[in-house]
Amino acid sequence: MSTNPAPPDAPQKHLLVPLAVEDVAALGGDAEQLAALLATALHGLALLRTGRATANDLAAAIDGTTGLLERLEAVRDASLRQPVARDISHADLATAMHLESRATAQSRRRTLLKKPPGELEQWATGTTG
């Protein structure tokens with residue numbers, strides 16, 4: 001499986017990710033990296049739905065999806081660490097995190113804040129060296 005474009009003669013449908021100019025500038029090449037991981041995950045999903053997935057296709061889909069999930073989790077965790085996030089109630093946080101219990105949201109935030117930001121969290125905030 002590849003995230004390379006399909007051959008020129010293959011029918012194509014392009015998906016548009018609407019981003020403000022300022023967002024594109026702030027993200028730089030990371031936007032392309034995330035788009036490639038998303039494309040890999042979507043391609044894997046299409047192969048699963050059509051029954052055309054090979055073992056190599058599935059391995060590539062797992063790899064791309066894992067990379068995407070790791071980065072998305074880092075964005076979520078970095079968001080939780082932001083000082084302004086302290087103004088979010090535990091009830092609202094539970095809703096945002098799709099949790100049934102505000103106590104679970106409180107516990108997850110507390111657990112996160114006990115450890116230092118990881119490499120991908122630093123990537124998410126643009127603070128990696």
# chains A, B, ... in the order shown; residues from 1 in each chain; ligands from 1
>>> select_by_dssp(residues="chain A", states="alpha helix (DSSP H)", output="PyMOL selection string")
chain A and resi 21-27+29-50+55-81+90-96+102-113+119-125
>>> closest_residue(among="A:Asn56, A:Gln12, A:Thr66, A:Thr111", to="Arg81 (chain A)", atoms="only C-alpha atoms")
A:Thr111
>>> closest_atom_pairs(of="region 12-96 of chain A", to="region 113-118 of chain A", cutoff="9 Å", atoms="only C-alpha atoms", output="Markdown table")
| residue | atom | partner | partner_atom | distance |
| --- | --- | --- | --- | --- |
| A:Ala74 | CA | A:Gly118 | CA | 8.1 |
| A:Asp77 | CA | A:Pro117 | CA | 8.4 |
| A:Ala78 | CA | A:Pro117 | CA | 7.5 |
| A:Leu80 | CA | A:Leu113 | CA | 8.5 |
| A:Arg81 | CA | A:Leu113 | CA | 6.9 |
>>> write_last_selection(atoms="all heavy atoms", output="PDB file, in the first residue's frame")
ATOM      1  N   ALA A  74      -1.298  12.813  21.118  1.00  0.00           N
ATOM      2  CA  ALA A  74      -0.377  13.852  21.570  1.00  0.00           C
ATOM      3  C   ALA A  74      -1.029  15.228  21.504  1.00  0.00           C
ATOM      4  O   ALA A  74      -0.841  16.049  22.411  1.00  0.00           O
ATOM      5  CB  ALA A  74       0.906  13.825  20.736  1.00  0.00           C
ATOM      6  N   ASP A  77      -3.440  15.312  24.462  1.00  0.00           N
ATOM      7  CA  ASP A  77      -2.725  15.443  25.733  1.00  0.00           C
ATOM      8  C   ASP A  77      -2.100  16.827  25.887  1.00  0.00           C
ATOM      9  O   ASP A  77      -2.163  17.435  26.967  1.00  0.00           O
ATOM     10  CB  ASP A  77      -1.666  14.350  25.871  1.00  0.00           C
ATOM     11  CG  ASP A  77      -2.279  12.969  26.036  1.00  0.00           C
ATOM     12  OD1 ASP A  77      -3.518  12.859  26.226  1.00  0.00           O
ATOM     13  OD2 ASP A  77      -1.514  11.984  25.968  1.00  0.00           O
ATOM     14  N   ALA A  78      -1.511  17.332  24.816  1.00  0.00           N
ATOM     15  CA  ALA A  78      -0.924  18.678  24.879  1.00  0.00           C
ATOM     16  C   ALA A  78      -2.008  19.718  25.123  1.00  0.00           C
ATOM     17  O   ALA A  78      -1.790  20.694  25.855  1.00  0.00           O
ATOM     18  CB  ALA A  78      -0.168  18.987  23.587  1.00  0.00           C
ATOM     19  N   LEU A  80      -4.727  19.230  26.866  1.00  0.00           N
ATOM     20  CA  LEU A  80      -5.086  19.112  28.286  1.00  0.00           C
ATOM     21  C   LEU A  80      -4.082  19.808  29.195  1.00  0.00           C
ATOM     22  O   LEU A  80      -4.423  20.243  30.287  1.00  0.00           O
ATOM     23  CB  LEU A  80      -5.187  17.639  28.687  1.00  0.00           C
ATOM     24  CG  LEU A  80      -6.448  16.916  28.247  1.00  0.00           C
ATOM     25  CD1 LEU A  80      -6.284  15.412  28.403  1.00  0.00           C
ATOM     26  CD2 LEU A  80      -7.639  17.410  29.048  1.00  0.00           C
ATOM     27  N   ARG A  81      -2.840  19.900  28.754  1.00  0.00           N
ATOM     28  CA  ARG A  81      -1.789  20.526  29.566  1.00  0.00           C
ATOM     29  C   ARG A  81      -1.796  22.053  29.489  1.00  0.00           C
ATOM     30  O   ARG A  81      -1.163  22.715  30.315  1.00  0.00           O
ATOM     31  CB  ARG A  81      -0.410  20.052  29.106  1.00  0.00           C
ATOM     32  CG  ARG A  81      -0.075  18.666  29.519  1.00  0.00           C
ATOM     33  CD  ARG A  81       1.379  18.383  29.129  1.00  0.00           C
ATOM     34  NE  ARG A  81       1.648  16.980  29.177  1.00  0.00           N
ATOM     35  CZ  ARG A  81       1.964  16.318  30.293  1.00  0.00           C
ATOM     36  NH1 ARG A  81       2.053  16.962  31.433  1.00  0.00           N
ATOM     37  NH2 ARG A  81       2.199  15.023  30.244  1.00  0.00           N
TER      38      ARG A  81
END
>>> residues_around(residues="His43 (chain A)", least_positions_apart="4", cutoff="10 Å", atoms="only C-alpha atoms", output="PyMOL selection string")
chain A and resi 1-3+37-39+47-49+53+57-58+60-61+64
>>> residues_around(residues="Asp92 (chain A)", least_positions_apart="4", cutoff="12 Å", atoms="only C-alpha atoms", output="PyMOL selection string")
chain A and resi 85-88+96-106
>>> write_last_selection(atoms="C-alpha atoms", output="mmCIF file, in the first residue's frame")
data_model
loop_
_atom_site.group_PDB
_atom_site.id
_atom_site.type_symbol
_atom_site.label_atom_id
_atom_site.label_comp_id
_atom_site.auth_asym_id
_atom_site.auth_seq_id
_atom_site.Cartn_x
_atom_site.Cartn_y
_atom_site.Cartn_z
ATOM 1 C CA ALA A 85 -7.518 24.009 29.759
ATOM 2 C CA ARG A 86 -7.689 24.338 33.548
ATOM 3 C CA ASP A 87 -10.794 26.474 32.965
ATOM 4 C CA ILE A 88 -12.643 23.499 31.436
ATOM 5 C CA ALA A 96 -15.220 16.404 25.142
ATOM 6 C CA MET A 97 -13.395 13.120 25.807
ATOM 7 C CA HIS A 98 -16.555 11.049 25.258
ATOM 8 C CA LEU A 99 -16.514 9.758 28.815
ATOM 9 C CA GLU A 100 -19.581 9.045 30.912
ATOM 10 C CA SER A 101 -18.038 10.145 34.194
ATOM 11 C CA ARG A 102 -16.577 13.493 35.145
ATOM 12 C CA ALA A 103 -14.535 11.613 37.767
ATOM 13 C CA THR A 104 -12.899 9.568 34.994
ATOM 14 C CA ALA A 105 -12.026 12.761 33.124
ATOM 15 C CA GLN A 106 -10.586 14.257 36.297
#
>>> atom_distance(atom1="CA of Asp63 (chain A)", atom2="CA of Val21 (chain A)")
29.8 Å
>>> closest_residue(among="A:Ala41, A:Leu120, A:Pro18, A:Glu32", to="Ala59 (chain A)", atoms="only C-alpha atoms")
A:Ala41
>>> atom_distance(atom1="CA of Ala124 (chain A)", atom2="CA of Val17 (chain A)")
18.5 Å
>>> atom_distance(atom1="CA of Glu73 (chain A)", atom2="CA of Leu19 (chain A)")
20.2 Å
>>> closest_residue(among="A:Gly67, A:Arg52, A:His14, A:Val75", to="Gly126 (chain A)", atoms="only C-alpha atoms")
A:Val75
>>> decode(residues="region 39-67 of chain A", atoms="N, CA, C and O atoms", output="compact mmCIF listing (two decimals), in the first residue's frame")
# COMPACT_ATOMS: atom_id res chain seq x y z
N ALA A 39 -4.30 9.34 4.81
CA ALA A 39 -4.53 8.68 3.52
C ALA A 39 -4.25 7.18 3.63
O ALA A 39 -4.99 6.36 3.08
N THR A 40 -3.20 6.81 4.34
CA THR A 40 -2.88 5.39 4.54
C THR A 40 -4.00 4.70 5.30
O THR A 40 -4.43 3.60 4.93
N ALA A 41 -4.51 5.34 6.35
CA ALA A 41 -5.60 4.76 7.13
C ALA A 41 -6.87 4.64 6.28
O ALA A 41 -7.55 3.60 6.32
N LEU A 42 -7.18 5.66 5.50
CA LEU A 42 -8.38 5.61 4.65
C LEU A 42 -8.25 4.55 3.57
O LEU A 42 -9.22 3.85 3.26
N HIS A 43 -7.06 4.42 3.00
CA HIS A 43 -6.84 3.39 1.98
C HIS A 43 -7.02 2.00 2.60
O HIS A 43 -7.65 1.13 2.01
N GLY A 44 -6.47 1.81 3.80
CA GLY A 44 -6.65 0.54 4.49
C GLY A 44 -8.12 0.25 4.77
O GLY A 44 -8.59 -0.89 4.60
N LEU A 45 -8.86 1.26 5.16
CA LEU A 45 -10.29 1.10 5.41
C LEU A 45 -11.02 0.71 4.13
O LEU A 45 -11.87 -0.20 4.13
N ALA A 46 -10.66 1.34 3.03
CA ALA A 46 -11.29 1.00 1.74
C ALA A 46 -10.98 -0.45 1.36
O ALA A 46 -11.86 -1.17 0.88
N LEU A 47 -9.73 -0.86 1.57
CA LEU A 47 -9.37 -2.24 1.25
C LEU A 47 -10.12 -3.23 2.14
O LEU A 47 -10.55 -4.30 1.68
N LEU A 48 -10.29 -2.89 3.41
CA LEU A 48 -11.06 -3.76 4.30
C LEU A 48 -12.51 -3.87 3.84
O LEU A 48 -13.09 -4.96 3.83
N ARG A 49 -13.09 -2.76 3.45
CA ARG A 49 -14.50 -2.75 3.06
C ARG A 49 -14.74 -3.46 1.73
O ARG A 49 -15.84 -3.96 1.50
N THR A 50 -13.72 -3.49 0.88
CA THR A 50 -13.89 -4.17 -0.40
C THR A 50 -13.35 -5.59 -0.39
O THR A 50 -13.49 -6.31 -1.38
N GLY A 51 -12.73 -5.98 0.71
CA GLY A 51 -12.18 -7.34 0.81
C GLY A 51 -10.93 -7.55 -0.01
O GLY A 51 -10.56 -8.69 -0.29
N ARG A 52 -10.25 -6.48 -0.38
CA ARG A 52 -9.06 -6.60 -1.23
C ARG A 52 -7.76 -6.47 -0.45
O ARG A 52 -6.69 -6.40 -1.03
N ALA A 53 -7.81 -6.46 0.87
CA ALA A 53 -6.60 -6.24 1.67
C ALA A 53 -5.72 -7.48 1.71
O ALA A 53 -6.19 -8.58 1.98
N THR A 54 -4.44 -7.29 1.44
CA THR A 54 -3.45 -8.35 1.60
C THR A 54 -2.80 -8.18 2.97
O THR A 54 -3.02 -7.18 3.66
N ALA A 55 -1.98 -9.13 3.35
CA ALA A 55 -1.27 -9.03 4.63
C ALA A 55 -0.39 -7.78 4.64
O ALA A 55 -0.32 -7.06 5.65
N ASN A 56 0.28 -7.48 3.53
CA ASN A 56 1.12 -6.28 3.46
C ASN A 56 0.27 -5.02 3.56
O ASN A 56 0.68 -4.04 4.19
N ASP A 57 -0.90 -5.03 2.91
CA ASP A 57 -1.80 -3.88 3.00
C ASP A 57 -2.22 -3.64 4.44
O ASP A 57 -2.25 -2.51 4.92
N LEU A 58 -2.57 -4.72 5.13
CA LEU A 58 -3.02 -4.60 6.52
C LEU A 58 -1.90 -4.10 7.42
O LEU A 58 -2.12 -3.26 8.29
N ALA A 59 -0.68 -4.59 7.19
CA ALA A 59 0.46 -4.13 7.98
C ALA A 59 0.68 -2.63 7.76
O ALA A 59 0.94 -1.89 8.72
N ALA A 60 0.57 -2.18 6.52
CA ALA A 60 0.75 -0.76 6.21
C ALA A 60 -0.38 0.07 6.84
O ALA A 60 -0.14 1.16 7.37
N ALA A 61 -1.60 -0.45 6.80
CA ALA A 61 -2.73 0.26 7.40
C ALA A 61 -2.55 0.36 8.92
O ALA A 61 -2.81 1.40 9.52
N ILE A 62 -2.10 -0.72 9.53
CA ILE A 62 -1.86 -0.71 10.98
C ILE A 62 -0.77 0.30 11.32
O ILE A 62 -0.91 1.10 12.26
N ASP A 63 0.31 0.31 10.55
CA ASP A 63 1.41 1.24 10.79
C ASP A 63 0.95 2.69 10.64
O ASP A 63 1.21 3.53 11.52
N GLY A 64 0.26 2.99 9.55
CA GLY A 64 -0.20 4.36 9.32
C GLY A 64 -1.22 4.80 10.35
O GLY A 64 -1.18 5.93 10.84
N THR A 65 -2.14 3.91 10.68
CA THR A 65 -3.16 4.24 11.66
C THR A 65 -2.54 4.45 13.04
O THR A 65 -2.92 5.38 13.76
N THR A 66 -1.57 3.61 13.40
CA THR A 66 -0.90 3.76 14.69
C THR A 66 -0.17 5.10 14.76
O THR A 66 -0.26 5.82 15.76
N GLY A 67 0.54 5.44 13.69
CA GLY A 67 1.24 6.72 13.66
C GLY A 67 0.28 7.90 13.79
O GLY A 67 0.55 8.87 14.50
